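Content type compact mmCIF, C-alpha atoms and all ligand atoms, from the file protein_31.txt:
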# COMPACT_ATOMS: atom_id res chain seq x y z
CA MET A 33 132.18 91.83 79.61
CA GLY A 34 128.53 92.80 79.72
CA PHE A 35 125.69 92.15 77.36
CA GLU A 36 126.30 92.27 73.56
CA GLY A 37 123.45 93.99 71.73
CA GLY A 38 125.13 93.31 68.40
CA GLN A 39 124.46 89.57 68.67
CA ILE A 40 120.70 90.09 68.71
CA GLN A 41 120.95 92.51 65.80
CA THR A 42 123.05 90.10 63.74
CA ALA A 43 120.77 87.14 64.51
CA ILE A 44 117.77 89.00 63.08
CA TYR A 45 119.63 89.98 59.90
CA VAL A 46 120.96 86.46 59.41
CA ALA A 47 117.53 84.86 59.99
CA GLY A 48 116.22 86.97 57.12
CA GLU A 49 113.19 88.11 59.08
CA SER A 50 112.22 89.09 62.58
CA GLU A 51 109.97 86.76 64.50
CA TRP A 52 108.61 89.71 66.47
CA PRO A 53 107.72 93.32 65.77
CA ILE A 54 110.68 95.65 66.25
CA ALA A 55 109.47 99.23 66.69
CA PRO A 56 107.63 99.83 69.99
CA GLU A 57 104.81 101.36 67.93
CA ALA A 58 104.55 98.13 65.93
CA TRP A 59 104.31 96.05 69.13
CA GLU A 60 101.46 98.27 70.28
CA ALA A 61 99.67 98.12 66.92
CA ARG A 62 99.92 94.32 66.81
CA ALA A 63 98.68 94.06 70.40
CA GLN A 64 95.68 96.14 69.43
CA GLU A 65 94.90 93.59 66.72
CA VAL A 66 94.93 90.62 69.11
CA LEU A 67 93.26 92.14 72.18
CA GLU A 68 89.62 93.10 72.64
CA PRO A 69 89.06 96.88 72.85
CA GLY A 70 88.42 96.79 76.64
CA PRO A 71 91.72 95.18 77.62
CA PHE A 72 93.74 97.00 74.95
CA ASP A 73 92.43 100.43 75.96
CA TYR A 74 92.93 99.61 79.63
CA ILE A 75 96.62 99.04 78.94
CA ALA A 76 97.19 101.73 76.33
CA GLY A 77 95.01 104.49 77.72
CA GLY A 78 95.57 107.27 80.20
CA ALA A 79 93.69 109.88 82.20
CA GLY A 80 91.57 112.55 80.52
CA SER A 81 92.93 113.83 77.22
CA GLU A 82 96.07 111.68 77.71
CA SER A 83 98.22 114.82 77.60
CA THR A 84 100.44 113.45 80.40
CA MET A 85 101.26 110.41 78.28
CA ARG A 86 102.18 112.69 75.38
CA ALA A 87 104.19 114.98 77.67
CA ASN A 88 106.22 111.98 78.90
CA ARG A 89 107.16 111.17 75.32
CA ASP A 90 107.71 114.82 74.32
CA ALA A 91 110.21 115.27 77.15
CA PHE A 92 112.30 112.42 75.72
CA GLU A 93 112.00 113.82 72.20
CA ARG A 94 113.14 117.28 73.34
CA ARG A 95 116.36 116.06 74.95
CA ARG A 96 119.18 115.16 72.56
CA LEU A 97 122.17 112.96 73.34
CA LEU A 98 125.68 114.29 72.77
CA PRO A 99 127.64 111.32 71.37
CA ARG A 100 131.44 111.16 71.82
CA MET A 101 133.70 109.40 69.32
CA LEU A 102 136.78 107.16 69.44
CA ARG A 103 136.42 106.25 73.10
CA GLY A 104 137.72 102.71 72.77
CA ASN A 105 134.61 101.42 74.54
CA ARG A 106 134.84 97.88 73.15
CA GLU A 107 133.34 96.52 76.37
CA ARG A 108 130.31 97.90 78.09
CA ASP A 109 128.45 97.18 81.29
CA LEU A 110 124.69 97.74 81.32
CA SER A 111 124.12 96.33 84.79
CA VAL A 112 122.97 98.33 87.79
CA ASP A 113 122.81 97.69 91.53
CA LEU A 114 119.84 99.16 93.33
CA LEU A 115 119.46 98.82 97.10
CA GLY A 116 120.93 95.34 97.12
CA THR A 117 119.21 94.13 93.94
CA SER A 118 121.04 93.86 90.66
CA SER A 119 119.66 94.00 87.16
CA VAL A 120 121.55 93.07 84.02
CA ALA A 121 120.06 96.15 82.37
CA PRO A 122 119.47 99.69 83.61
CA PHE A 123 115.77 99.03 83.82
CA LEU A 124 113.35 96.91 85.85
CA LEU A 125 109.87 95.72 84.89
CA ALA A 126 107.30 98.23 86.16
CA PRO A 127 104.41 97.00 88.27
CA ILE A 128 101.48 96.52 85.92
CA GLY A 129 98.24 95.25 87.40
CA VAL A 130 95.87 92.64 86.03
CA LEU A 131 98.20 91.24 83.38
CA SER A 132 95.73 88.40 82.85
CA ILE A 133 93.95 90.75 80.44
CA ALA A 134 97.05 90.61 78.21
CA CYS A 135 97.51 86.83 78.47
CA ALA A 136 95.94 84.21 80.73
CA GLU A 137 99.02 83.48 82.84
CA GLY A 138 100.05 87.17 82.75
CA GLU A 139 102.05 87.58 85.95
CA LEU A 140 103.49 84.06 85.77
CA GLU A 141 104.62 84.63 82.18
CA ILE A 142 106.26 87.95 82.96
CA ALA A 143 107.83 86.39 86.06
CA ARG A 144 109.36 83.68 83.84
CA ALA A 145 110.59 86.31 81.36
CA SER A 146 112.08 88.30 84.23
CA ALA A 147 113.90 85.29 85.66
CA ALA A 148 115.18 84.26 82.22
CA THR A 149 116.53 87.71 81.33
CA GLY A 150 117.85 88.83 84.72
CA VAL A 151 115.71 91.99 84.66
CA PRO A 152 113.84 92.10 87.98
CA LEU A 153 110.04 92.24 88.08
CA ILE A 154 108.10 94.56 90.37
CA LEU A 155 104.96 92.54 91.06
CA SER A 156 101.75 94.55 91.39
CA SER A 157 99.29 94.49 94.29
CA ALA A 158 96.59 94.39 91.63
CA ALA A 159 97.80 91.17 90.02
CA SER A 160 95.90 88.10 88.87
CA HIS A 161 98.46 85.75 90.42
CA SER A 162 99.50 85.79 94.05
CA ILE A 163 102.78 86.81 95.61
CA GLU A 164 103.48 83.16 96.45
CA GLU A 165 102.62 81.81 92.98
CA VAL A 166 104.94 84.35 91.36
CA ALA A 167 107.71 83.56 93.86
CA ASP A 168 107.32 79.87 93.00
CA VAL A 169 108.02 80.35 89.30
CA MET A 170 110.88 82.79 89.91
CA GLY A 171 113.06 80.67 92.20
CA ASP A 172 116.02 82.80 93.29
CA ALA A 173 115.53 85.48 90.63
CA ALA A 174 115.41 89.04 91.92
CA ARG A 175 112.01 90.64 92.38
CA TRP A 176 110.32 93.51 94.21
CA PHE A 177 106.74 93.92 95.40
CA GLN A 178 104.55 96.95 94.70
CA LEU A 179 102.12 97.89 97.44
CA TYR A 180 98.86 99.65 96.89
CA TRP A 181 98.37 101.18 100.27
CA VAL A 182 94.78 100.11 100.86
CA ASN A 183 92.63 101.67 103.57
CA ASP A 184 92.94 98.65 105.86
CA ARG A 185 96.32 98.72 107.59
CA GLU A 186 96.20 95.07 108.55
CA ILE A 187 95.78 94.02 104.93
CA ALA A 188 98.59 96.34 103.82
CA ALA A 189 100.87 94.95 106.54
CA SER A 190 99.93 91.40 105.55
CA PHE A 191 100.88 92.04 101.89
CA VAL A 192 104.25 93.39 103.01
CA ALA A 193 104.91 90.45 105.33
CA ARG A 194 103.95 87.95 102.63
CA ALA A 195 106.27 89.62 100.11
CA GLU A 196 109.12 89.57 102.62
CA ASP A 197 108.49 85.87 103.38
CA ALA A 198 108.34 85.04 99.68
CA GLY A 199 111.78 86.46 98.90
CA PHE A 200 110.91 89.82 97.39
CA GLY A 201 113.86 92.21 97.77
CA ALA A 202 112.11 95.56 98.25
CA ILE A 203 108.70 97.14 98.77
CA VAL A 204 107.62 99.82 96.31
CA VAL A 205 104.67 101.75 97.70
CA THR A 206 102.66 103.61 95.09
CA VAL A 207 101.36 106.94 96.34
CA ASP A 208 99.79 108.41 93.22
CA THR A 209 96.68 106.21 93.20
CA PRO A 210 94.57 106.93 96.30
CA VAL A 211 91.64 106.80 93.83
CA LEU A 212 91.50 105.86 90.15
CA GLY A 213 92.06 108.65 87.63
CA TRP A 214 89.36 109.73 85.14
CA ARG A 215 90.18 107.33 82.33
CA GLU A 216 88.09 108.25 79.33
CA ARG A 217 88.73 105.12 77.27
CA ASP A 218 87.83 102.79 80.12
CA LEU A 219 84.73 104.81 80.96
CA ALA A 220 83.62 104.79 77.32
CA ASN A 221 84.12 101.00 77.27
CA ALA A 222 82.65 100.68 80.79
CA TYR A 223 85.61 98.39 81.41
CA LEU A 224 87.05 97.78 84.89
CA PRO A 225 88.46 94.23 85.25
CA PHE A 226 88.46 94.29 89.07
CA LEU A 227 84.65 94.41 89.15
CA THR A 228 84.53 90.74 88.21
CA GLY A 229 87.41 89.75 90.45
CA GLU A 230 90.23 89.94 87.90
CA GLY A 231 93.43 91.43 89.28
CA CYS A 232 92.40 90.64 92.86
CA ALA A 233 94.68 87.65 93.57
CA GLN A 234 96.70 89.33 96.33
CA PHE A 235 93.47 90.03 98.18
CA PHE A 236 91.73 86.73 97.55
CA SER A 237 94.80 84.83 98.75
CA ASP A 238 95.28 87.01 101.82
CA PRO A 239 94.25 85.56 105.20
CA ILE A 240 93.34 88.96 106.67
CA PHE A 241 91.27 89.98 103.65
CA ARG A 242 89.53 86.62 103.63
CA SER A 243 88.74 86.92 107.32
CA ARG A 244 86.76 90.08 106.52
CA LEU A 245 84.43 88.17 104.15
CA GLU A 246 81.40 86.13 105.12
CA GLN A 247 81.98 83.70 102.26
CA PRO A 248 85.25 82.84 100.52
CA PRO A 249 85.84 84.64 97.19
CA HIS A 250 85.13 81.59 95.01
CA GLU A 251 81.66 81.27 96.56
CA ASP A 252 80.66 84.87 95.98
CA MET A 253 83.07 86.51 93.58
CA LEU A 254 81.09 89.69 93.08
CA VAL A 255 80.86 90.44 96.79
CA ALA A 256 84.58 89.68 97.23
CA ALA A 257 85.46 91.94 94.27
CA ALA A 258 83.31 94.72 95.73
CA ALA A 259 85.21 94.31 99.02
CA VAL A 260 88.51 94.75 97.15
CA LEU A 261 87.24 97.91 95.47
CA ALA A 262 86.00 99.23 98.83
CA THR A 263 89.44 98.65 100.37
CA PHE A 264 91.20 100.57 97.61
CA PRO A 265 90.46 104.32 98.05
CA ASN A 266 92.78 105.91 100.59
CA LEU A 267 92.76 109.69 100.29
CA GLY A 268 93.39 110.12 104.01
CA LEU A 269 97.04 109.09 103.83
CA THR A 270 99.75 111.57 104.87
CA TRP A 271 103.55 111.45 104.91
CA GLU A 272 103.40 110.62 108.64
CA ASP A 273 101.76 107.32 107.68
CA LEU A 274 104.94 106.42 105.81
CA ASP A 275 106.68 106.11 109.20
CA TRP A 276 104.23 103.34 110.05
CA LEU A 277 104.86 101.52 106.78
CA ARG A 278 108.62 101.91 107.27
CA ALA A 279 108.30 100.13 110.61
CA GLN A 280 106.53 97.14 109.03
CA THR A 281 109.55 95.79 107.16
CA GLU A 282 113.30 95.43 107.13
CA LEU A 283 113.27 95.50 103.34
CA PRO A 284 114.32 98.56 101.36
CA LEU A 285 111.29 100.81 100.83
CA LEU A 286 110.77 102.88 97.68
CA VAL A 287 108.03 105.44 97.13
CA LYS A 288 106.61 105.39 93.59
CA GLY A 289 104.68 108.27 92.10
CA VAL A 290 106.69 111.23 93.31
CA LEU A 291 106.91 114.25 90.97
CA ALA A 292 107.53 117.33 93.14
CA PRO A 293 111.01 117.93 94.62
CA ASP A 294 109.40 118.69 98.02
CA ASP A 295 107.69 115.33 98.01
CA ALA A 296 110.96 113.61 97.15
CA LEU A 297 112.56 115.19 100.21
CA LEU A 298 109.59 114.20 102.39
CA ALA A 299 109.78 110.61 101.18
CA PHE A 300 113.40 110.32 102.33
CA GLU A 301 112.66 112.19 105.59
CA HIS A 302 109.98 109.61 106.36
CA GLY A 303 112.20 106.61 105.85
CA ALA A 304 112.20 105.80 102.14
CA ASP A 305 115.37 104.27 100.74
CA GLY A 306 114.53 105.29 97.20
CA ILE A 307 111.90 106.93 95.02
CA VAL A 308 110.39 106.32 91.62
CA VAL A 309 109.64 109.52 89.74
CA SER A 310 106.43 108.53 88.00
CA ASN A 311 103.04 109.82 86.89
CA HIS A 312 101.72 106.27 86.55
CA GLY A 313 102.19 106.38 82.81
CA GLY A 314 99.78 109.32 82.55
CA ARG A 315 96.90 107.27 83.95
CA GLN A 316 96.16 109.41 86.98
CA VAL A 317 96.51 113.18 86.50
CA ASP A 318 95.84 114.58 83.05
CA GLY A 319 98.08 117.58 82.45
CA ALA A 320 100.76 116.51 84.93
CA VAL A 321 104.44 117.27 84.51
CA ALA A 322 106.46 114.92 82.30
CA THR A 323 108.50 112.52 84.37
CA LEU A 324 111.82 113.33 82.66
CA ASP A 325 111.33 117.02 83.51
CA ALA A 326 110.34 116.12 87.07
CA LEU A 327 113.41 113.88 87.36
CA VAL A 328 115.81 116.77 86.73
CA ALA A 329 114.24 118.87 89.50
CA VAL A 330 113.99 115.92 91.90
CA ARG A 331 117.63 114.91 91.42
CA ALA A 332 118.73 118.51 92.04
CA ALA A 333 116.75 118.52 95.31
CA VAL A 334 117.81 115.13 96.72
CA GLY A 335 121.48 115.22 95.74
CA PRO A 336 123.67 112.69 93.97
CA GLU A 337 123.57 109.82 96.49
CA ALA A 338 119.82 109.20 96.79
CA THR A 339 118.36 106.27 94.85
CA VAL A 340 116.07 107.69 92.16
CA LEU A 341 114.31 105.68 89.44
CA VAL A 342 112.04 107.02 86.73
CA ASP A 343 109.35 105.67 84.43
CA GLY A 344 106.85 106.91 81.87
CA GLY A 345 107.37 106.70 78.12
CA ILE A 346 110.57 104.65 78.12
CA ARG A 347 110.39 102.94 74.74
CA ARG A 348 113.87 102.78 73.22
CA GLY A 349 117.50 102.53 74.27
CA SER A 350 118.02 106.24 73.75
CA ASP A 351 115.20 106.93 76.26
CA VAL A 352 116.91 104.77 78.87
CA LEU A 353 120.22 106.56 78.31
CA LYS A 354 118.67 110.04 78.43
CA ALA A 355 116.98 109.18 81.75
CA LEU A 356 120.28 107.93 83.19
CA ALA A 357 122.10 111.03 81.95
CA LEU A 358 119.49 113.29 83.54
CA GLY A 359 119.87 111.73 86.97
CA ALA A 360 118.10 108.37 87.16
CA ASP A 361 119.90 105.37 88.67
CA ALA A 362 117.61 103.14 86.61
CA THR A 363 114.33 103.23 84.71
CA LEU A 364 111.21 101.08 84.61
CA LEU A 365 109.81 99.47 81.48
CA GLY A 366 106.01 99.54 81.44
CA ARG A 367 103.45 99.12 78.66
CA PRO A 368 105.84 97.62 76.07
CA TYR A 369 106.21 94.35 77.99
CA ALA A 370 102.43 94.07 78.36
CA TYR A 371 102.22 94.21 74.55
CA GLY A 372 104.87 91.51 74.43
CA LEU A 373 102.73 89.33 76.73
CA ALA A 374 99.69 89.94 74.53
CA LEU A 375 101.54 88.80 71.42
CA GLY A 376 103.51 85.89 72.78
CA GLY A 377 103.26 85.36 76.52
CA ARG A 378 106.63 84.83 78.14
CA GLU A 379 108.44 84.66 74.78
CA GLY A 380 106.90 87.88 73.57
CA ALA A 381 107.79 89.69 76.78
CA GLU A 382 111.32 88.30 76.64
CA ALA A 383 111.68 89.57 73.09
CA VAL A 384 110.62 93.07 74.16
CA ILE A 385 113.11 93.02 77.05
CA ARG A 386 116.00 91.71 74.93
CA GLN A 387 115.29 94.17 72.14
CA LEU A 388 115.41 97.07 74.60
CA MET A 389 118.64 95.71 76.07
CA ALA A 390 120.19 95.40 72.61
CA ASP A 391 119.10 98.89 71.59
CA THR A 392 120.40 100.32 74.88
CA ASP A 393 123.74 98.54 74.49
CA LEU A 394 124.27 99.56 70.87
CA THR A 395 123.26 103.15 71.55
CA LEU A 396 125.58 103.27 74.57
CA ALA A 397 128.35 101.96 72.32
CA LEU A 398 127.58 104.62 69.72
CA ILE A 399 127.57 107.55 72.13
CA GLY A 400 130.97 106.46 73.44
CA GLY A 401 129.77 105.25 76.83
CA ARG A 402 131.07 102.33 78.88
CA SER A 403 128.56 101.85 81.63
CA ALA A 404 125.08 102.75 82.72
CA GLY A 405 126.48 104.30 85.88
CA GLU A 406 128.83 106.80 84.25
CA LEU A 407 126.24 108.84 82.34
CA ASP A 408 125.55 112.37 83.52
CA GLN A 409 124.27 115.69 82.14
CA SER A 410 127.37 116.07 79.98
CA TRP A 411 125.88 113.41 77.67
CA ILE A 412 122.87 115.63 76.93
CA ALA A 413 123.29 118.38 74.31
CA ALA A 414 123.21 121.76 76.04
CA SER A 415 120.91 123.11 73.33
CA SER A 416 118.20 120.64 74.34
C1 LIG B 501 97.81 98.63 82.44
C2 LIG B 501 98.66 99.29 83.50
C3 LIG B 501 98.51 98.90 84.80
C4 LIG B 501 99.31 99.46 85.80
N1 LIG B 501 99.20 99.00 87.08
C5 LIG B 501 100.02 99.52 88.03
C6 LIG B 501 100.00 98.98 89.34
O1 LIG B 501 99.29 98.03 89.62
N2 LIG B 501 100.79 99.57 90.26
C7 LIG B 501 101.62 100.62 89.97
O2 LIG B 501 102.33 101.13 90.85
N3 LIG B 501 101.67 101.12 88.73
C8 LIG B 501 100.91 100.60 87.75
N4 LIG B 501 101.00 101.08 86.47
C9 LIG B 501 101.98 102.13 86.17
C10 LIG B 501 103.34 101.53 85.77
O3 LIG B 501 103.98 100.96 86.87
C11 LIG B 501 104.27 102.60 85.17
O4 LIG B 501 104.38 103.67 86.09
C12 LIG B 501 103.81 103.12 83.82
O5 LIG B 501 103.32 102.05 83.03
C13 LIG B 501 104.94 103.82 83.09
O6 LIG B 501 104.50 104.38 81.88
P1 LIG B 501 104.75 103.68 80.45
O7 LIG B 501 104.16 102.34 80.52
O8 LIG B 501 104.00 104.57 79.48
O9 LIG B 501 106.21 103.68 80.20
C14 LIG B 501 100.23 100.50 85.47
C15 LIG B 501 100.37 100.89 84.13
C16 LIG B 501 99.61 100.29 83.14
C17 LIG B 501 99.82 100.69 81.71
Using structure tokens, write down the structure from this file.
Ligand SMILES: Cc1cc2nc3c(=O)[nH]c(=O)nc-3n(C[C@H](O)[C@H](O)[C@H](O)COP(=O)(O)O)c2cc1C
Amino acid sequence: MGFEGGQIQTAIYVAGESEWPIAPEAWEARAQEVLEPGPFDYIAGGAGSESTMRANRDAFERRRLLPRMLRGNRERDLSVDLLGTSSVAPFLLAPIGVLSIACAEGELEIARASAATGVPLILSSAASHSIEEVADVMGDAARWFQLYWVNDREIAASFVARAEDAGFGAIVVTVDTPVLGWRERDLANAYLPFLTGEGCAQFFSDPIFRSRLEQPPHEDMLVAAAAVLATFPNLGLTWEDLDWLRAQTELPLLVKGVLAPDDALLAFEHGADGIVVSNHGGRQVDGAVATLDALVAVRAAVGPEATVLVDGGIRRGSDVLKALALGADATLLGRPYAYGLALGGREGAEAVIRQLMADTDLTLALIGGRSAGELDQSWIAASS
């Protein structure tokens, strides 16, 4: 038998109070109370008017589930298998950079929460703890590595090789961030953590990156941070370059940040094993298509067998189930776990993950479902 959401629910009722916030909105509000405006807005904000963030949520609100009754689904299985990696829940932890702005040991704390819950972490290229440090705290627990495809191929290749050596099970290359989006909150706060070297651990620990510097990062942090920022923009990339990246590793390769069906097809043509339909949580293009809407078109284009994940606005169990029903093999959980880290480090993040698992399990039970894998369009009301 799989995970039992009811146990978590009962434990809270019996305790007489919840140790943690429950509603995702309450987690965010509490995180806003404990974080400075710069870090909070960096996590919570998006590009421009933030209409893409709203569109992501609206697309979930528009779709309605079609519950079925009396299905005898006493036992349920939330687990998924994705390109050789399994997760106990139909979601993974999205790559979120510079988690040290949420709590000091950000990536280490989320790595511990990931290992404890069995929900794999996708470690960011823009992290404050290195690939090897994160691998150390995770032991054998499943994890993937997210690559920002920087404009220095040798550094990109070095990141991939290090991740492979350190036991990461897939490379997720993010293609929607060749430059940073126009983020109004961060600009108003004049807040960019990388300027002072935060979120640069993959670079500062990388032998190739270090060989490009005259002095090691700890001796001249500002120059090293400027070198990271100079390595970042990469508008020259084309789909042909993906063939090169494909040749750098034996690991499964996923392309994150695909929205157009044509791009989804190109990703697979150029060697991807999977894609993540994502608009970076609305942080890049203001006015972009909602990811749930994009997912439907992408799944229609790539067919039923291709591995397709989706993120953007996943907050509750019903969101996870709607995404699965509309064609996703799994989803990614983003901002909510960063709020968990802000409120309680590893324990806070674990609480967010377990709450989402419980909600997903109970909602799956209530719609008459048995497993994450069985959901299809027939579970979405035709009128929506
Ligand atoms: C603070 C923050 C930092 C992020 N950093 C990265 C990153 O380093 N690499 C990446 O591929 N995506 C990054 N993302 C995007 C997430 O992986 C994910 O696509 C997004 O958070 C999903 O939207 P949601 O959090 O609203 O559900 C970041 C998102 C946030 C909120």
With 9 Å as the cut-off and only C-alpha atoms counted, what is the closest atom pair between each nearby residue of stretch 299-324 of chain A and stretch 285-295 of chain A? Distances in Å to one decimal, ordered by chain and number, as a Markdown table.
| residue | atom | partner | partner_atom | distance |
| --- | --- | --- | --- | --- |
| A:Ala299 | CA | A:Asp295 | CA | 6.1 |
| A:Phe300 | CA | A:Asp295 | CA | 8.7 |
| A:Gly303 | CA | A:Leu285 | CA | 7.7 |
| A:Ala304 | CA | A:Leu285 | CA | 5.2 |
| A:Asp305 | CA | A:Leu285 | CA | 5.4 |
| A:Gly306 | CA | A:Leu286 | CA | 4.5 |
| A:Ile307 | CA | A:Val287 | CA | 4.7 |
| A:Val308 | CA | A:Lys288 | CA | 4.4 |
| A:Val309 | CA | A:Val290 | CA | 4.9 |
| A:Ser310 | CA | A:Gly289 | CA | 4.5 |
| A:Asn311 | CA | A:Gly289 | CA | 5.7 |
| A:His312 | CA | A:Gly289 | CA | 6.6 |
| A:Ala320 | CA | A:Leu291 | CA | 8.9 |
| A:Val321 | CA | A:Leu291 | CA | 7.5 |
| A:Ala322 | CA | A:Leu291 | CA | 8.7 |
| A:Thr323 | CA | A:Leu291 | CA | 7.0 |
Task: Nearest candidate to A:Ser132 (options A:Ile187, A:Cys232, A:Ala147, A:Ala262; using all atoms listed in the file) - done: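 The answer is A:Cys232, which sits nearest to A:Ser132.
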Quick one: which stretch 186-214 of chain A residues come within 12 Å of stretch 165-169 of chain A, and what is the nearest atom pair for each with the distance in Å to one decimal, counting all atoms listed in the file, rows ordered by chain and ascending number, as CSV?
residue,atom,partner,partner_atom,distance
A:Arg194,CA,A:Ala167,CA,10.5
A:Ala195,CA,A:Ala167,CA,8.8
A:Glu196,CA,A:Ala167,CA,10.7
A:Asp197,CA,A:Ala167,CA,9.8
A:Ala198,CA,A:Ala167,CA,6.0
A:Gly199,CA,A:Ala167,CA,7.1
A:Phe200,CA,A:Ala167,CA,7.9
A:Gly201,CA,A:Ala167,CA,11.3
Open item on the list: For a quick check of understanding, using all atoms listed in the file, which of A:Ala158, A:Leu341, A:Leu277, A:Ala326 has the smallest distance to A:Val260?
Closed with: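 Closest residue, counting all atoms listed in the file: A:Ala158.
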Taking all atoms listed in the file into account, produce a table as a Markdown table in which each residue of chain A with an atom at most 6 Å from an atom of ligand LIG 501 (chain B) appears once, together with its shortest atom pair and the distance in Å to one decimal, ordered by chain and rising number.
| residue | atom | partner | partner_atom | distance |
| --- | --- | --- | --- | --- |
| A:Tyr74 | CA | B:LIG501 | C1 | 5.7 |
| A:Ile75 | CA | B:LIG501 | C1 | 3.7 |
| A:Ala126 | CA | B:LIG501 | O3 | 4.4 |
| A:Pro127 | CA | B:LIG501 | O3 | 4.2 |
| A:Ile128 | CA | B:LIG501 | N1 | 3.6 |
| A:Gly129 | CA | B:LIG501 | O1 | 3.7 |
| A:Ser156 | CA | B:LIG501 | O1 | 4.6 |
| A:Ser157 | CA | B:LIG501 | O1 | 5.9 |
| A:Ala158 | CA | B:LIG501 | O1 | 5.0 |
| A:Thr206 | CA | B:LIG501 | O2 | 4.9 |
| A:Ser310 | CA | B:LIG501 | O4 | 5.6 |
| A:His312 | CA | B:LIG501 | O4 | 3.7 |
| A:Gly313 | CA | B:LIG501 | O6 | 3.2 |
| A:Asp343 | CA | B:LIG501 | C13 | 5.0 |
| A:Gly344 | CA | B:LIG501 | O6 | 3.5 |
| A:Gly345 | CA | B:LIG501 | O9 | 3.8 |
| A:Ile346 | CA | B:LIG501 | O9 | 4.9 |
| A:Leu365 | CA | B:LIG501 | O9 | 5.7 |
| A:Gly366 | CA | B:LIG501 | O7 | 3.5 |
| A:Arg367 | CA | B:LIG501 | O7 | 3.8 |
- [ ] Grab the atom CA of A:Arg86 to atom CA of A:Tyr371 distance for me, in Å with one decimal place.
- [x]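 Going from atom CA of A:Arg86 over to atom CA of A:Tyr371 covers 18.5 Å.
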Task: Nearest to A:Ala76, chosen from A:Asp113, A:Leu274, A:Ala397, A:Pro368, with all atoms listed in the file counted in the distances - done: A:Pro368
Task: Shell around stretch 357-362 of chain A at 9 Å using all atoms listed in the file, local window under 4 positions removed, as an MDAnalysis selection string - done: chainID A and resid 97 112:114 121:124 309 324:325 327:328 330:332 336 338:343 352:353 404:412
- [ ] Please tell me which residues are no farther than 9 Å from (114.8, 94.3, 76.4) in the file, counting all atoms listed in the file, and write them as an MDAnalysis selection string.
- [x] chainID A and resid 121 123 149 151 349 365 369 381:392
Could you take the residues named above and write them with C-alpha atoms, as a CSV table (one decimal), in the coordinates of the input?
chain,number,residue,atom,x,y,z
A,121,ALA,CA,120.1,96.2,82.4
A,123,PHE,CA,115.8,99.0,83.8
A,149,THR,CA,116.5,87.7,81.3
A,151,VAL,CA,115.7,92.0,84.7
A,349,GLY,CA,117.5,102.5,74.3
A,365,LEU,CA,109.8,99.5,81.5
A,369,TYR,CA,106.2,94.4,78.0
A,381,ALA,CA,107.8,89.7,76.8
A,382,GLU,CA,111.3,88.3,76.6
A,383,ALA,CA,111.7,89.6,73.1
A,384,VAL,CA,110.6,93.1,74.2
A,385,ILE,CA,113.1,93.0,77.0
A,386,ARG,CA,116.0,91.7,74.9
A,387,GLN,CA,115.3,94.2,72.1
A,388,LEU,CA,115.4,97.1,74.6
A,389,MET,CA,118.6,95.7,76.1
A,390,ALA,CA,120.2,95.4,72.6
A,391,ASP,CA,119.1,98.9,71.6
A,392,THR,CA,120.4,100.3,74.9
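Neighbours of A:Glu57 closer than or equal to 10 Å, with all atoms listed in the file counted and sequence neighbours fewer than 4 positions away skipped, come out as Pro53, Ala61, Arg62, Ala63, Arg347 and Pro368 of chain A.
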Spatial neighbours of A:Met101, max dist 9 Å, only C-alpha atoms, sep filter under 4 positions, as an mmCIF file with C-alpha atoms, keeping the file's coordinate frame:
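Saved file part07.cif follows:
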data_model
loop_
_atom_site.group_PDB
_atom_site.id
_atom_site.type_symbol
_atom_site.label_atom_id
_atom_site.label_comp_id
_atom_site.auth_asym_id
_atom_site.auth_seq_id
_atom_site.Cartn_x
_atom_site.Cartn_y
_atom_site.Cartn_z
ATOM 1 C CA LEU A 398 127.580 104.620 69.720
ATOM 2 C CA ILE A 399 127.570 107.550 72.130
ATOM 3 C CA GLY A 400 130.970 106.460 73.440
#
Task: Nearby residues (all atoms listed in the file) at most 9 Å from A:Gly38, same-chain spacing under 3 positions excluded, as a PyMOL selection string - done: chain A and resi 41-43+390-391+393-394
- [ ] Pick out the closest residue to A:Glu51 from this set: A:Ala222, A:Ala414, A:Leu375, A:Leu110. Count only C-alpha atoms.
- [x] A:Leu375
Task: Residue nearest A:Arg278 - candidates A:Ala87, A:Gly70, A:Leu297, A:Ala189, atoms counted: only C-alpha atoms - done: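 Ranked by minimum distance to A:Arg278, first place goes to A:Ala189.
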- [ ] Skip A:Arg315 itself and residues of its chain fewer than 2 positions away, then list as a VMD selection string all residues within 7 Å of it, counting all atoms listed in the file.
- [x] chain A and resid 78 to 79 213 215 312 to 313 317
Open item on the list: Could you tell me how far atom CA of A:Arg348 sits from atom CA of A:Pro152, in Å to one decimal place?
Closed with: 18.2 Å
Open item on the list: Could you tell me how far atom CA of A:Asp351 sits from atom CA of A:Leu115, in Å to one decimal place?
Closed with: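 Separation of atom CA of A:Leu115 and atom CA of A:Asp351: 22.8 Å.
Among the candidate residues A:Ile154, A:Ala145, A:Val334, A:Ala134, the one lying nearest to A:Gln64 is A:Ala134, with distances computed using all atoms listed in the file.
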